[in-house]
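Trainee: Structure supplied as my_file-v4.cif; contents: mmCIF, C-alpha atoms.
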data_entry
#
loop_
_atom_site.label_atom_id
_atom_site.label_comp_id
_atom_site.auth_asym_id
_atom_site.auth_seq_id
_atom_site.Cartn_x
_atom_site.Cartn_y
_atom_site.Cartn_z
CA MET A 1 39.13 2.64 -67.06
CA SER A 2 40.95 3.13 -63.81
CA THR A 3 44.69 2.83 -63.70
CA SER A 4 46.06 0.06 -61.56
CA SER A 5 47.49 1.07 -58.22
CA VAL A 6 49.38 -2.08 -57.40
CA VAL A 7 52.78 -3.41 -58.32
CA PRO A 8 52.01 -6.94 -59.55
CA THR A 9 53.48 -9.78 -57.54
CA THR A 10 55.85 -12.03 -59.44
CA TYR A 11 57.54 -15.18 -58.23
CA LEU A 12 60.91 -16.80 -58.88
CA PRO A 13 61.13 -20.16 -60.65
CA ALA A 14 61.77 -22.15 -57.48
CA ALA A 15 58.63 -20.77 -55.85
CA ILE A 16 56.58 -21.41 -58.98
CA ASP A 17 57.81 -25.01 -59.00
CA GLN A 18 56.72 -25.44 -55.36
CA ALA A 19 53.27 -24.04 -56.01
CA VAL A 20 52.75 -26.12 -59.14
CA ALA A 21 53.91 -29.26 -57.31
CA ALA A 22 51.29 -28.64 -54.60
CA ILE A 23 48.43 -28.47 -57.09
CA GLN A 24 46.27 -31.50 -57.86
CA PHE A 25 45.31 -30.90 -61.48
CA ASP A 26 42.21 -32.81 -62.55
CA ALA A 27 41.92 -35.44 -65.30
CA GLN A 28 41.89 -32.63 -67.89
CA GLY A 29 45.02 -31.09 -66.38
CA LEU A 30 43.05 -28.16 -64.95
CA VAL A 31 42.46 -26.56 -61.56
CA PRO A 32 39.69 -24.06 -60.70
CA ALA A 33 40.93 -20.60 -59.77
CA ILE A 34 38.79 -18.12 -57.86
CA ALA A 35 39.65 -14.48 -58.59
CA GLN A 36 39.02 -12.08 -55.70
CA GLN A 37 39.59 -8.34 -55.68
CA HIS A 38 42.36 -8.10 -53.11
CA ASP A 39 41.16 -5.10 -51.14
CA SER A 40 37.35 -5.19 -51.29
CA GLY A 41 36.97 -8.97 -51.03
CA GLU A 42 34.60 -9.02 -54.03
CA ILE A 43 34.59 -12.40 -55.77
CA LEU A 44 35.07 -11.52 -59.39
CA MET A 45 34.95 -14.81 -61.29
CA MET A 46 35.99 -18.42 -61.34
CA ALA A 47 37.92 -19.87 -64.24
CA TRP A 48 40.37 -22.68 -64.90
CA MET A 49 44.15 -22.84 -65.11
CA ASP A 50 46.42 -25.48 -66.55
CA ARG A 51 50.00 -25.90 -65.42
CA ASP A 52 51.28 -23.35 -67.94
CA ALA A 53 48.67 -20.77 -66.90
CA VAL A 54 49.68 -21.07 -63.25
CA ALA A 55 53.35 -20.68 -64.14
CA GLU A 56 52.71 -17.77 -66.52
CA THR A 57 50.53 -16.01 -63.94
CA MET A 58 53.19 -16.34 -61.24
CA ARG A 59 56.10 -15.47 -63.54
CA THR A 60 54.56 -12.36 -65.08
CA GLY A 61 52.09 -11.11 -62.46
CA ARG A 62 49.36 -11.01 -65.14
CA VAL A 63 46.60 -13.52 -64.48
CA CYS A 64 46.26 -16.15 -67.19
CA TYR A 65 43.70 -18.92 -67.47
CA TRP A 66 42.95 -21.83 -69.77
CA SER A 67 39.84 -21.23 -71.83
CA ARG A 68 37.87 -24.46 -71.88
CA SER A 69 35.57 -23.16 -74.62
CA ARG A 70 38.39 -22.01 -76.89
CA LYS A 71 40.78 -24.75 -75.76
CA ALA A 72 43.55 -22.18 -75.62
CA PRO A 73 45.57 -20.10 -73.17
CA TRP A 74 43.65 -16.99 -72.08
CA ARG A 75 45.61 -14.05 -70.76
CA LYS A 76 42.74 -12.08 -69.31
CA GLY A 77 42.39 -8.61 -70.72
CA ASP A 78 44.47 -9.05 -73.87
CA THR A 79 41.55 -8.00 -76.06
CA SER A 80 39.42 -5.97 -73.62
CA GLY A 81 42.16 -4.30 -71.61
CA HIS A 82 40.43 -5.55 -68.48
CA ILE A 83 43.47 -7.20 -67.03
CA GLN A 84 44.00 -8.80 -63.65
CA GLU A 85 47.25 -8.09 -61.89
CA LEU A 86 48.38 -10.66 -59.37
CA VAL A 87 48.62 -9.70 -55.71
CA GLU A 88 48.87 -13.20 -54.24
CA LEU A 89 48.28 -16.77 -55.31
CA ARG A 90 47.07 -19.22 -52.67
CA VAL A 91 46.66 -22.99 -52.78
CA ASP A 92 43.91 -24.67 -50.76
CA CYS A 93 44.22 -27.54 -48.27
CA ASP A 94 43.75 -30.28 -50.85
CA GLY A 95 45.61 -28.49 -53.62
CA ASP A 96 42.59 -28.72 -55.88
CA THR A 97 41.47 -25.09 -55.87
CA LEU A 98 43.42 -21.84 -56.21
CA LEU A 99 42.62 -18.40 -54.88
CA VAL A 100 44.09 -15.53 -56.85
CA GLU A 101 43.98 -12.18 -55.14
CA VAL A 102 44.01 -9.61 -57.92
CA GLU A 103 43.76 -5.97 -58.85
CA GLN A 104 41.02 -5.91 -61.47
CA THR A 105 41.17 -3.24 -64.14
CA GLY A 106 37.71 -2.48 -65.54
CA VAL A 107 35.25 -5.35 -65.19
CA ALA A 108 35.78 -9.07 -64.74
CA CYS A 109 32.69 -10.47 -66.45
CA HIS A 110 32.34 -10.95 -70.21
CA THR A 111 28.82 -9.49 -69.89
CA GLY A 112 30.31 -6.14 -68.83
CA ARG A 113 29.34 -6.51 -65.19
CA HIS A 114 31.95 -6.02 -62.52
CA ASN A 115 31.76 -9.64 -61.41
CA CYS A 116 30.18 -12.82 -62.76
CA PHE A 117 27.89 -13.58 -59.82
CA PHE A 118 25.03 -11.24 -60.68
CA ARG A 119 22.08 -13.63 -60.60
CA ALA A 120 20.15 -14.20 -57.38
CA ILE A 121 16.58 -14.62 -56.20
CA ARG A 122 14.64 -11.39 -55.70
CA ASP A 123 10.90 -11.41 -54.98
CA GLY A 124 10.82 -15.13 -55.67
CA GLU A 125 12.38 -14.85 -59.13
CA LEU A 126 15.90 -15.33 -60.45
CA ALA A 127 16.97 -11.77 -61.23
CA GLU A 128 20.00 -9.80 -62.39
CA ILE A 129 21.23 -7.86 -59.38
CA ALA A 130 24.15 -5.93 -60.88
CA PRO A 131 24.22 -3.47 -63.78
CA VAL A 132 26.15 -3.75 -67.03
CA GLU A 133 28.97 -1.25 -66.60
CA VAL A 134 30.74 -1.68 -69.92
CA GLU A 135 29.37 -2.52 -73.37
CA MET A 136 31.83 -5.28 -74.07
CA ASP A 137 30.94 -5.61 -77.76
CA LYS A 138 32.48 -2.19 -78.27
CA ILE A 139 35.83 -3.00 -76.69
CA GLY A 140 36.32 -6.67 -77.49
CA LYS A 141 35.26 -9.42 -75.19
CA ASP A 142 37.71 -11.79 -73.65
CA MET B 143 32.23 -21.82 -30.96
CA SER B 144 30.37 -18.63 -31.73
CA THR B 145 26.64 -18.66 -32.01
CA SER B 146 25.23 -17.69 -35.35
CA SER B 147 23.79 -14.23 -35.63
CA VAL B 148 21.86 -14.61 -38.86
CA VAL B 149 18.46 -15.95 -39.74
CA PRO B 150 19.21 -18.39 -42.57
CA THR B 151 17.74 -17.57 -45.95
CA THR B 152 15.36 -20.16 -47.34
CA TYR B 153 13.66 -20.19 -50.71
CA LEU B 154 10.29 -21.38 -51.97
CA PRO B 155 10.06 -24.28 -54.44
CA ALA B 156 9.42 -22.05 -57.48
CA ALA B 157 12.57 -20.03 -56.79
CA ILE B 158 14.60 -23.19 -56.23
CA ASP B 159 13.38 -24.53 -59.56
CA GLN B 160 14.45 -21.31 -61.31
CA ALA B 161 17.91 -21.41 -59.78
CA VAL B 162 18.43 -25.10 -60.56
CA ALA B 163 17.25 -24.55 -64.14
CA ALA B 164 19.88 -21.80 -64.58
CA ILE B 165 22.74 -24.06 -63.52
CA GLN B 166 24.90 -25.91 -66.04
CA PHE B 167 25.85 -29.06 -64.16
CA ASP B 168 28.96 -30.79 -65.52
CA ALA B 169 29.22 -34.29 -66.95
CA GLN B 170 29.25 -35.68 -63.40
CA GLY B 171 26.14 -33.68 -62.51
CA LEU B 172 28.10 -31.29 -60.32
CA VAL B 173 28.72 -27.55 -60.08
CA PRO B 174 31.49 -25.84 -58.09
CA ALA B 175 30.25 -23.68 -55.22
CA ILE B 176 32.40 -21.00 -53.61
CA ALA B 177 31.55 -20.33 -49.97
CA GLN B 178 32.20 -16.76 -48.80
CA GLN B 179 31.65 -15.36 -45.32
CA HIS B 180 28.88 -12.88 -46.04
CA ASP B 181 30.09 -9.94 -43.97
CA SER B 182 33.89 -10.13 -44.01
CA GLY B 183 34.25 -11.29 -47.62
CA GLU B 184 36.61 -14.10 -46.57
CA ILE B 185 36.64 -16.96 -49.06
CA LEU B 186 36.14 -20.01 -46.91
CA MET B 187 36.25 -22.97 -49.28
CA MET B 188 35.21 -24.35 -52.61
CA ALA B 189 33.25 -27.58 -52.88
CA TRP B 190 30.80 -29.22 -55.25
CA MET B 191 27.03 -29.47 -55.32
CA ASP B 192 24.74 -31.76 -57.22
CA ARG B 193 21.15 -30.87 -58.02
CA ASP B 194 19.87 -32.26 -54.73
CA ALA B 195 22.49 -30.35 -52.72
CA VAL B 196 21.49 -27.06 -54.35
CA ALA B 197 17.82 -27.73 -53.65
CA GLU B 198 18.47 -28.88 -50.06
CA THR B 199 20.66 -25.82 -49.40
CA MET B 200 18.00 -23.44 -50.69
CA ARG B 201 15.08 -25.23 -49.03
CA THR B 202 16.62 -25.52 -45.56
CA GLY B 203 19.11 -22.64 -45.37
CA ARG B 204 21.82 -25.09 -44.29
CA VAL B 205 24.59 -25.43 -46.87
CA CYS B 206 24.92 -28.93 -48.33
CA TYR B 207 27.48 -30.21 -50.80
CA TRP B 208 28.22 -33.41 -52.67
CA SER B 209 31.33 -35.13 -51.34
CA ARG B 210 33.31 -36.36 -54.33
CA SER B 211 35.60 -38.45 -52.10
CA ARG B 212 32.78 -40.13 -50.20
CA LYS B 213 30.38 -40.07 -53.16
CA ALA B 214 27.62 -38.99 -50.81
CA PRO B 215 25.61 -35.94 -49.78
CA TRP B 216 27.52 -33.79 -47.30
CA ARG B 217 25.58 -31.47 -45.06
CA LYS B 218 28.45 -29.40 -43.76
CA GLY B 219 28.80 -29.43 -39.99
CA ASP B 220 26.73 -32.51 -39.26
CA THR B 221 29.65 -34.18 -37.48
CA SER B 222 31.77 -31.17 -36.49
CA GLY B 223 29.04 -28.67 -35.68
CA HIS B 224 30.79 -26.24 -38.00
CA ILE B 225 27.74 -25.48 -40.06
CA GLN B 226 27.21 -22.93 -42.81
CA GLU B 227 23.96 -21.00 -42.79
CA LEU B 228 22.84 -19.60 -46.11
CA VAL B 229 22.61 -15.85 -46.57
CA GLU B 230 22.35 -15.79 -50.36
CA LEU B 231 22.94 -18.09 -53.29
CA ARG B 232 24.14 -16.54 -56.54
CA VAL B 233 24.55 -18.04 -60.00
CA ASP B 234 27.29 -16.81 -62.32
CA CYS B 235 26.99 -15.54 -65.90
CA ASP B 236 27.44 -18.95 -67.51
CA GLY B 237 25.58 -20.86 -64.81
CA ASP B 238 28.58 -23.08 -64.20
CA THR B 239 29.71 -21.71 -60.82
CA LEU B 240 27.77 -20.82 -57.67
CA LEU B 241 28.59 -18.31 -54.97
CA VAL B 242 27.12 -19.09 -51.57
CA GLU B 243 27.23 -16.25 -49.08
CA VAL B 244 27.21 -17.89 -45.67
CA GLU B 245 27.47 -17.42 -41.95
CA GLN B 246 30.21 -19.86 -40.93
CA THR B 247 30.05 -21.34 -37.46
CA GLY B 248 33.50 -22.38 -36.23
CA VAL B 249 35.96 -23.11 -39.03
CA ALA B 250 35.42 -24.07 -42.66
CA CYS B 251 38.52 -26.18 -43.35
CA HIS B 252 38.86 -29.85 -42.41
CA THR B 253 42.38 -29.03 -41.17
CA GLY B 254 40.90 -26.81 -38.45
CA ARG B 255 41.89 -23.58 -40.14
CA HIS B 256 39.28 -20.90 -40.66
CA ASN B 257 39.46 -21.20 -44.43
CA CYS B 258 41.02 -23.63 -46.88
CA PHE B 259 43.31 -21.15 -48.68
CA PHE B 260 46.19 -21.11 -46.20
CA ARG B 261 49.13 -21.92 -48.46
CA ALA B 262 51.07 -19.15 -50.18
CA ILE B 263 54.63 -18.21 -51.03
CA ARG B 264 56.59 -16.56 -48.20
CA ASP B 265 60.33 -15.91 -48.50
CA GLY B 266 60.40 -17.93 -51.69
CA GLU B 267 58.83 -21.04 -50.16
CA LEU B 268 55.30 -22.42 -50.11
CA ALA B 269 54.24 -21.83 -46.51
CA GLU B 270 51.21 -22.17 -44.25
CA ILE B 271 50.00 -18.66 -43.56
CA ALA B 272 47.07 -19.34 -41.17
CA PRO B 273 47.02 -21.15 -37.84
CA VAL B 274 45.08 -24.26 -36.89
CA GLU B 275 42.25 -22.94 -34.71
CA VAL B 276 40.48 -26.18 -33.89
CA GLU B 277 41.84 -29.70 -33.40
CA MET B 278 39.38 -31.37 -35.71
CA ASP B 279 40.28 -34.92 -34.66
CA LYS B 280 38.72 -34.15 -31.30
CA ILE B 281 35.39 -32.95 -32.62
CA GLY B 282 34.87 -35.05 -35.74
CA LYS B 283 35.97 -33.92 -39.15
CA ASP B 284 33.51 -33.30 -41.89
#
Can you turn what I pasted into structure tokens?

Mentor:
Amino acid sequence: MSTSSVVPTTYLPAAIDQAVAAIQFDAQGLVPAIAQQHDSGEILMMAWMDRDAVAETMRTGRVCYWSRSRKAPWRKGDTSGHIQELVELRVDCDGDTLLVEVEQTGVACHTGRHNCFFRAIRDGELAEIAPVEVEMDKIGKD
Amino acid sequence: MSTSSVVPTTYLPAAIDQAVAAIQFDAQGLVPAIAQQHDSGEILMMAWMDRDAVAETMRTGRVCYWSRSRKAPWRKGDTSGHIQELVELRVDCDGDTLLVEVEQTGVACHTGRHNCFFRAIRDGELAEIAPVEVEMDKIGKD
């Protein structure tokens, strides 16, 4: 696993309050967050954040989500080591989607692929277009 | 407005059926779709598609969404001319998010900015970090 080369961005409480106030959380109290590798532009994954996950991400510089399947906070990489360090958090025009520019350690996808968007049409069939890079069962999925 | 330089990707019915079958639409029958400029990697916007919007996008090569505010199909660019031509549609690991690689004509955001993610913290304050490129009131928002 590569060692991160960035100093994570952290924000002061007043800035966190401004960002959170600009977000339109949905009826479940969640907002979709797109994670993009900050330098390559690769879209890594999309997951959901609640208010606490946004604040924790901005306060600590470690990207945290809300796991809808586990109904629990999800600090990405806690079990796998495949953390995301925050480079910048952006809020969209309507405040209902976030973009998190990150430095991804290891792989983003729970399948062991570098990003989650590995299915596309090839020769008329839905195919897997990216290889499994890490056997996640051996390191702990998260 | 620049002229598009791509030949839009279109898919045959059998491929469309495979893609649609792989998608986990939510309780409202929708799936979030991230639009990314195919060559620069810029994340343009995130919007929602229903089953018909996915099929129409893949059949025609013109990106179509479902407008949650208008509760109606939304073929992007019909009023503004700021269309998105499809380069590739990808389905994520869980089938609950789409990535659409596009060629954006004009600007993606209804505010006239090139993309929707123009708010970020600068000097401790939530600020607008991208300029308005097009006065959308003059050309018809969409």

Trainee: Please superimpose chain B upon chain A, fitting all C-alpha atoms matched one to one in order, and report the result as a PDB file with C-alpha atoms, in the frame of the given file.

Mentor:
ATOM      1  CA  MET B 143      39.014   2.630 -66.986  1.00  0.00           C
ATOM      2  CA  SER B 144      40.882   3.086 -63.741  1.00  0.00           C
ATOM      3  CA  THR B 145      44.611   2.804 -63.673  1.00  0.00           C
ATOM      4  CA  SER B 146      46.018   0.053 -61.541  1.00  0.00           C
ATOM      5  CA  SER B 147      47.467   1.066 -58.225  1.00  0.00           C
ATOM      6  CA  VAL B 148      49.390  -2.082 -57.390  1.00  0.00           C
ATOM      7  CA  VAL B 149      52.784  -3.404 -58.318  1.00  0.00           C
ATOM      8  CA  PRO B 150      52.022  -6.933 -59.540  1.00  0.00           C
ATOM      9  CA  THR B 151      53.487  -9.776 -57.534  1.00  0.00           C
ATOM     10  CA  THR B 152      55.857 -12.031 -59.433  1.00  0.00           C
ATOM     11  CA  TYR B 153      57.550 -15.179 -58.220  1.00  0.00           C
ATOM     12  CA  LEU B 154      60.914 -16.799 -58.868  1.00  0.00           C
ATOM     13  CA  PRO B 155      61.131 -20.165 -60.653  1.00  0.00           C
ATOM     14  CA  ALA B 156      61.771 -22.170 -57.460  1.00  0.00           C
ATOM     15  CA  ALA B 157      58.629 -20.774 -55.830  1.00  0.00           C
ATOM     16  CA  ILE B 158      56.590 -21.413 -58.970  1.00  0.00           C
ATOM     17  CA  ASP B 159      57.800 -25.006 -58.989  1.00  0.00           C
ATOM     18  CA  GLN B 160      56.736 -25.442 -55.348  1.00  0.00           C
ATOM     19  CA  ALA B 161      53.279 -24.046 -55.999  1.00  0.00           C
ATOM     20  CA  VAL B 162      52.746 -26.131 -59.139  1.00  0.00           C
ATOM     21  CA  ALA B 163      53.921 -29.259 -57.310  1.00  0.00           C
ATOM     22  CA  ALA B 164      51.298 -28.646 -54.586  1.00  0.00           C
ATOM     23  CA  ILE B 165      48.434 -28.486 -57.072  1.00  0.00           C
ATOM     24  CA  GLN B 166      46.263 -31.505 -57.857  1.00  0.00           C
ATOM     25  CA  PHE B 167      45.308 -30.917 -61.476  1.00  0.00           C
ATOM     26  CA  ASP B 168      42.190 -32.810 -62.576  1.00  0.00           C
ATOM     27  CA  ALA B 169      41.917 -35.430 -65.301  1.00  0.00           C
ATOM     28  CA  GLN B 170      41.889 -32.644 -67.903  1.00  0.00           C
ATOM     29  CA  GLY B 171      45.007 -31.087 -66.379  1.00  0.00           C
ATOM     30  CA  LEU B 172      43.059 -28.164 -64.962  1.00  0.00           C
ATOM     31  CA  VAL B 173      42.450 -26.559 -61.573  1.00  0.00           C
ATOM     32  CA  PRO B 174      39.689 -24.071 -60.712  1.00  0.00           C
ATOM     33  CA  ALA B 175      40.941 -20.610 -59.766  1.00  0.00           C
ATOM     34  CA  ILE B 176      38.802 -18.118 -57.865  1.00  0.00           C
ATOM     35  CA  ALA B 177      39.661 -14.490 -58.587  1.00  0.00           C
ATOM     36  CA  GLN B 178      39.024 -12.084 -55.700  1.00  0.00           C
ATOM     37  CA  GLN B 179      39.585  -8.334 -55.684  1.00  0.00           C
ATOM     38  CA  HIS B 180      42.361  -8.096 -53.119  1.00  0.00           C
ATOM     39  CA  ASP B 181      41.164  -5.084 -51.148  1.00  0.00           C
ATOM     40  CA  SER B 182      37.363  -5.180 -51.302  1.00  0.00           C
ATOM     41  CA  GLY B 183      36.993  -8.963 -51.047  1.00  0.00           C
ATOM     42  CA  GLU B 184      34.626  -9.017 -54.041  1.00  0.00           C
ATOM     43  CA  ILE B 185      34.583 -12.386 -55.781  1.00  0.00           C
ATOM     44  CA  LEU B 186      35.078 -11.515 -59.410  1.00  0.00           C
ATOM     45  CA  MET B 187      34.955 -14.810 -61.286  1.00  0.00           C
ATOM     46  CA  MET B 188      35.984 -18.417 -61.342  1.00  0.00           C
ATOM     47  CA  ALA B 189      37.934 -19.865 -64.248  1.00  0.00           C
ATOM     48  CA  TRP B 190      40.375 -22.680 -64.903  1.00  0.00           C
ATOM     49  CA  MET B 191      44.144 -22.849 -65.117  1.00  0.00           C
ATOM     50  CA  ASP B 192      46.423 -25.466 -66.549  1.00  0.00           C
ATOM     51  CA  ARG B 193      50.014 -25.892 -65.434  1.00  0.00           C
ATOM     52  CA  ASP B 194      51.297 -23.351 -67.943  1.00  0.00           C
ATOM     53  CA  ALA B 195      48.686 -20.770 -66.904  1.00  0.00           C
ATOM     54  CA  VAL B 196      49.693 -21.074 -63.247  1.00  0.00           C
ATOM     55  CA  ALA B 197      53.362 -20.681 -64.135  1.00  0.00           C
ATOM     56  CA  GLU B 198      52.716 -17.767 -66.527  1.00  0.00           C
ATOM     57  CA  THR B 199      50.536 -16.018 -63.922  1.00  0.00           C
ATOM     58  CA  MET B 200      53.201 -16.347 -61.240  1.00  0.00           C
ATOM     59  CA  ARG B 201      56.119 -15.473 -63.522  1.00  0.00           C
ATOM     60  CA  THR B 202      54.584 -12.350 -65.069  1.00  0.00           C
ATOM     61  CA  GLY B 203      52.103 -11.104 -62.457  1.00  0.00           C
ATOM     62  CA  ARG B 204      49.388 -10.996 -65.127  1.00  0.00           C
ATOM     63  CA  VAL B 205      46.612 -13.511 -64.485  1.00  0.00           C
ATOM     64  CA  CYS B 206      46.269 -16.159 -67.199  1.00  0.00           C
ATOM     65  CA  TYR B 207      43.700 -18.920 -67.472  1.00  0.00           C
ATOM     66  CA  TRP B 208      42.947 -21.836 -69.755  1.00  0.00           C
ATOM     67  CA  SER B 209      39.835 -21.226 -71.838  1.00  0.00           C
ATOM     68  CA  ARG B 210      37.845 -24.453 -71.874  1.00  0.00           C
ATOM     69  CA  SER B 211      35.553 -23.145 -74.634  1.00  0.00           C
ATOM     70  CA  ARG B 212      38.372 -22.007 -76.903  1.00  0.00           C
ATOM     71  CA  LYS B 213      40.767 -24.743 -75.759  1.00  0.00           C
ATOM     72  CA  ALA B 214      43.534 -22.168 -75.628  1.00  0.00           C
ATOM     73  CA  PRO B 215      45.555 -20.091 -73.178  1.00  0.00           C
ATOM     74  CA  TRP B 216      43.657 -16.987 -72.091  1.00  0.00           C
ATOM     75  CA  ARG B 217      45.608 -14.055 -70.765  1.00  0.00           C
ATOM     76  CA  LYS B 218      42.747 -12.075 -69.315  1.00  0.00           C
ATOM     77  CA  GLY B 219      42.404  -8.581 -70.733  1.00  0.00           C
ATOM     78  CA  ASP B 220      44.466  -9.045 -73.870  1.00  0.00           C
ATOM     79  CA  THR B 221      41.545  -7.998 -76.073  1.00  0.00           C
ATOM     80  CA  SER B 222      39.436  -5.961 -73.636  1.00  0.00           C
ATOM     81  CA  GLY B 223      42.175  -4.294 -71.617  1.00  0.00           C
ATOM     82  CA  HIS B 224      40.427  -5.548 -68.499  1.00  0.00           C
ATOM     83  CA  ILE B 225      43.475  -7.191 -67.039  1.00  0.00           C
ATOM     84  CA  GLN B 226      44.008  -8.808 -63.655  1.00  0.00           C
ATOM     85  CA  GLU B 227      47.263  -8.087 -61.875  1.00  0.00           C
ATOM     86  CA  LEU B 228      48.381 -10.659 -59.351  1.00  0.00           C
ATOM     87  CA  VAL B 229      48.621  -9.703 -55.696  1.00  0.00           C
ATOM     88  CA  GLU B 230      48.874 -13.204 -54.243  1.00  0.00           C
ATOM     89  CA  LEU B 231      48.271 -16.775 -55.298  1.00  0.00           C
ATOM     90  CA  ARG B 232      47.070 -19.220 -52.655  1.00  0.00           C
ATOM     91  CA  VAL B 233      46.648 -22.988 -52.772  1.00  0.00           C
ATOM     92  CA  ASP B 234      43.908 -24.682 -50.767  1.00  0.00           C
ATOM     93  CA  CYS B 235      44.204 -27.542 -48.266  1.00  0.00           C
ATOM     94  CA  ASP B 236      43.741 -30.295 -50.841  1.00  0.00           C
ATOM     95  CA  GLY B 237      45.601 -28.496 -53.616  1.00  0.00           C
ATOM     96  CA  ASP B 238      42.595 -28.740 -55.898  1.00  0.00           C
ATOM     97  CA  THR B 239      41.476 -25.089 -55.870  1.00  0.00           C
ATOM     98  CA  LEU B 240      43.425 -21.839 -56.209  1.00  0.00           C
ATOM     99  CA  LEU B 241      42.617 -18.401 -54.871  1.00  0.00           C
ATOM    100  CA  VAL B 242      44.092 -15.533 -56.853  1.00  0.00           C
ATOM    101  CA  GLU B 243      43.995 -12.170 -55.133  1.00  0.00           C
ATOM    102  CA  VAL B 244      44.017  -9.606 -57.915  1.00  0.00           C
ATOM    103  CA  GLU B 245      43.766  -5.975 -58.851  1.00  0.00           C
ATOM    104  CA  GLN B 246      41.020  -5.919 -61.489  1.00  0.00           C
ATOM    105  CA  THR B 247      41.183  -3.240 -64.145  1.00  0.00           C
ATOM    106  CA  GLY B 248      37.732  -2.471 -65.559  1.00  0.00           C
ATOM    107  CA  VAL B 249      35.265  -5.336 -65.199  1.00  0.00           C
ATOM    108  CA  ALA B 250      35.795  -9.065 -64.753  1.00  0.00           C
ATOM    109  CA  CYS B 251      32.687 -10.476 -66.453  1.00  0.00           C
ATOM    110  CA  HIS B 252      32.338 -10.956 -70.210  1.00  0.00           C
ATOM    111  CA  THR B 253      28.823  -9.490 -69.899  1.00  0.00           C
ATOM    112  CA  GLY B 254      30.315  -6.147 -68.842  1.00  0.00           C
ATOM    113  CA  ARG B 255      29.331  -6.523 -65.214  1.00  0.00           C
ATOM    114  CA  HIS B 256      31.948  -6.025 -62.537  1.00  0.00           C
ATOM    115  CA  ASN B 257      31.760  -9.639 -61.424  1.00  0.00           C
ATOM    116  CA  CYS B 258      30.188 -12.809 -62.775  1.00  0.00           C
ATOM    117  CA  PHE B 259      27.901 -13.560 -59.802  1.00  0.00           C
ATOM    118  CA  PHE B 260      25.026 -11.232 -60.674  1.00  0.00           C
ATOM    119  CA  ARG B 261      22.080 -13.622 -60.587  1.00  0.00           C
ATOM    120  CA  ALA B 262      20.145 -14.193 -57.374  1.00  0.00           C
ATOM    121  CA  ILE B 263      16.586 -14.626 -56.179  1.00  0.00           C
ATOM    122  CA  ARG B 264      14.636 -11.381 -55.686  1.00  0.00           C
ATOM    123  CA  ASP B 265      10.897 -11.409 -54.963  1.00  0.00           C
ATOM    124  CA  GLY B 266      10.815 -15.119 -55.663  1.00  0.00           C
ATOM    125  CA  GLU B 267      12.379 -14.849 -59.122  1.00  0.00           C
ATOM    126  CA  LEU B 268      15.905 -15.323 -60.430  1.00  0.00           C
ATOM    127  CA  ALA B 269      16.974 -11.762 -61.212  1.00  0.00           C
ATOM    128  CA  GLU B 270      20.007  -9.796 -62.368  1.00  0.00           C
ATOM    129  CA  ILE B 271      21.229  -7.863 -59.363  1.00  0.00           C
ATOM    130  CA  ALA B 272      24.162  -5.901 -60.883  1.00  0.00           C
ATOM    131  CA  PRO B 273      24.213  -3.474 -63.794  1.00  0.00           C
ATOM    132  CA  VAL B 274      26.145  -3.744 -67.039  1.00  0.00           C
ATOM    133  CA  GLU B 275      28.984  -1.239 -66.623  1.00  0.00           C
ATOM    134  CA  VAL B 276      30.746  -1.678 -69.940  1.00  0.00           C
ATOM    135  CA  GLU B 277      29.376  -2.518 -73.390  1.00  0.00           C
ATOM    136  CA  MET B 278      31.827  -5.288 -74.094  1.00  0.00           C
ATOM    137  CA  ASP B 279      30.918  -5.619 -77.779  1.00  0.00           C
ATOM    138  CA  LYS B 280      32.487  -2.217 -78.307  1.00  0.00           C
ATOM    139  CA  ILE B 281      35.818  -3.011 -76.711  1.00  0.00           C
ATOM    140  CA  GLY B 282      36.326  -6.687 -77.513  1.00  0.00           C
ATOM    141  CA  LYS B 283      35.222  -9.436 -75.202  1.00  0.00           C
ATOM    142  CA  ASP B 284      37.679 -11.761 -73.620  1.00  0.00           C
TER     143      ASP B 284
END

Trainee: Check the smallest atom-to-atom distance from each of B:Asp279, B:Asp159, B:Glu198, B:Asp234 to chain A using only C-alpha atoms, then report the winner.

Mentor: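 Using only C-alpha atoms, the shortest distance to chain A belongs to B:Asp234.
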
Trainee: What does the PyMOL selection byres ((chain B) within 7 of (chain A)) select in this file, as an MDAnalysis selection string?

Mentor: chainID B and resid 157 160:161 183:184 231:235 241 258:263 266:268

Trainee: Given the PyMOL selection byres ((chain A and resi 27-31) around 6) and the file above, list the residues it selects as a list of chain:residue names.

Mentor: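 Taken on the displayed file, the PyMOL selection byres ((chain A and resi 27-31) around 6) yields the residues A:Phe25, A:Asp26, A:Pro32, A:Trp48, A:Met49, A:Asp50, A:Thr97.
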
Trainee: As a list in words, please: the residues near Ser80 of chain A (cut-off 12 Å, all atoms listed in the file, same-chain neighbours under 4 positions excluded).

Mentor: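 Once the adjacent positions are removed, what remains is Met1, Trp74, Arg75, Lys76, Gln84, Thr105, Gly106, Val107, Ala108, Cys109, His110, Thr111, Gly112, Val134, Glu135, Met136, Asp137, Lys138, Ile139, Gly140, Lys141 and Asp142 of chain A.
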
Trainee: For the file shown, what are the residues hit by the PyMOL selection byres ((chain A and resi 102) around 7), laid out as a list in words?

Mentor: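 With the shown file as input, the PyMOL selection byres ((chain A and resi 102) around 7) matches Ala35, Gln36, Gln37, His38, Gln84, Glu85, Leu86, Val87, Val100, Glu101, Glu103 and Gln104 of chain A.
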
Trainee: Which is closest to Tyr207 of chain B among B:Val162, B:Gly219, B:Thr152, B:Val274, if we use all atoms listed in the file?

Mentor: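 Distance minimum relative to Tyr207 of chain B lands on B:Gly219.
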
Trainee: To test the calculation: enclose all listed atoms of segment 21-28 of chain A in a box whose edges run along x, y and z, add 5 Å on each side, then state centre and edge lengths in Å to one decimal, as JSON.

Mentor:
{"center_x": 47.9, "center_y": -32.0, "center_z": -61.2, "size_x": 22.0, "size_y": 17.0, "size_z": 23.3}
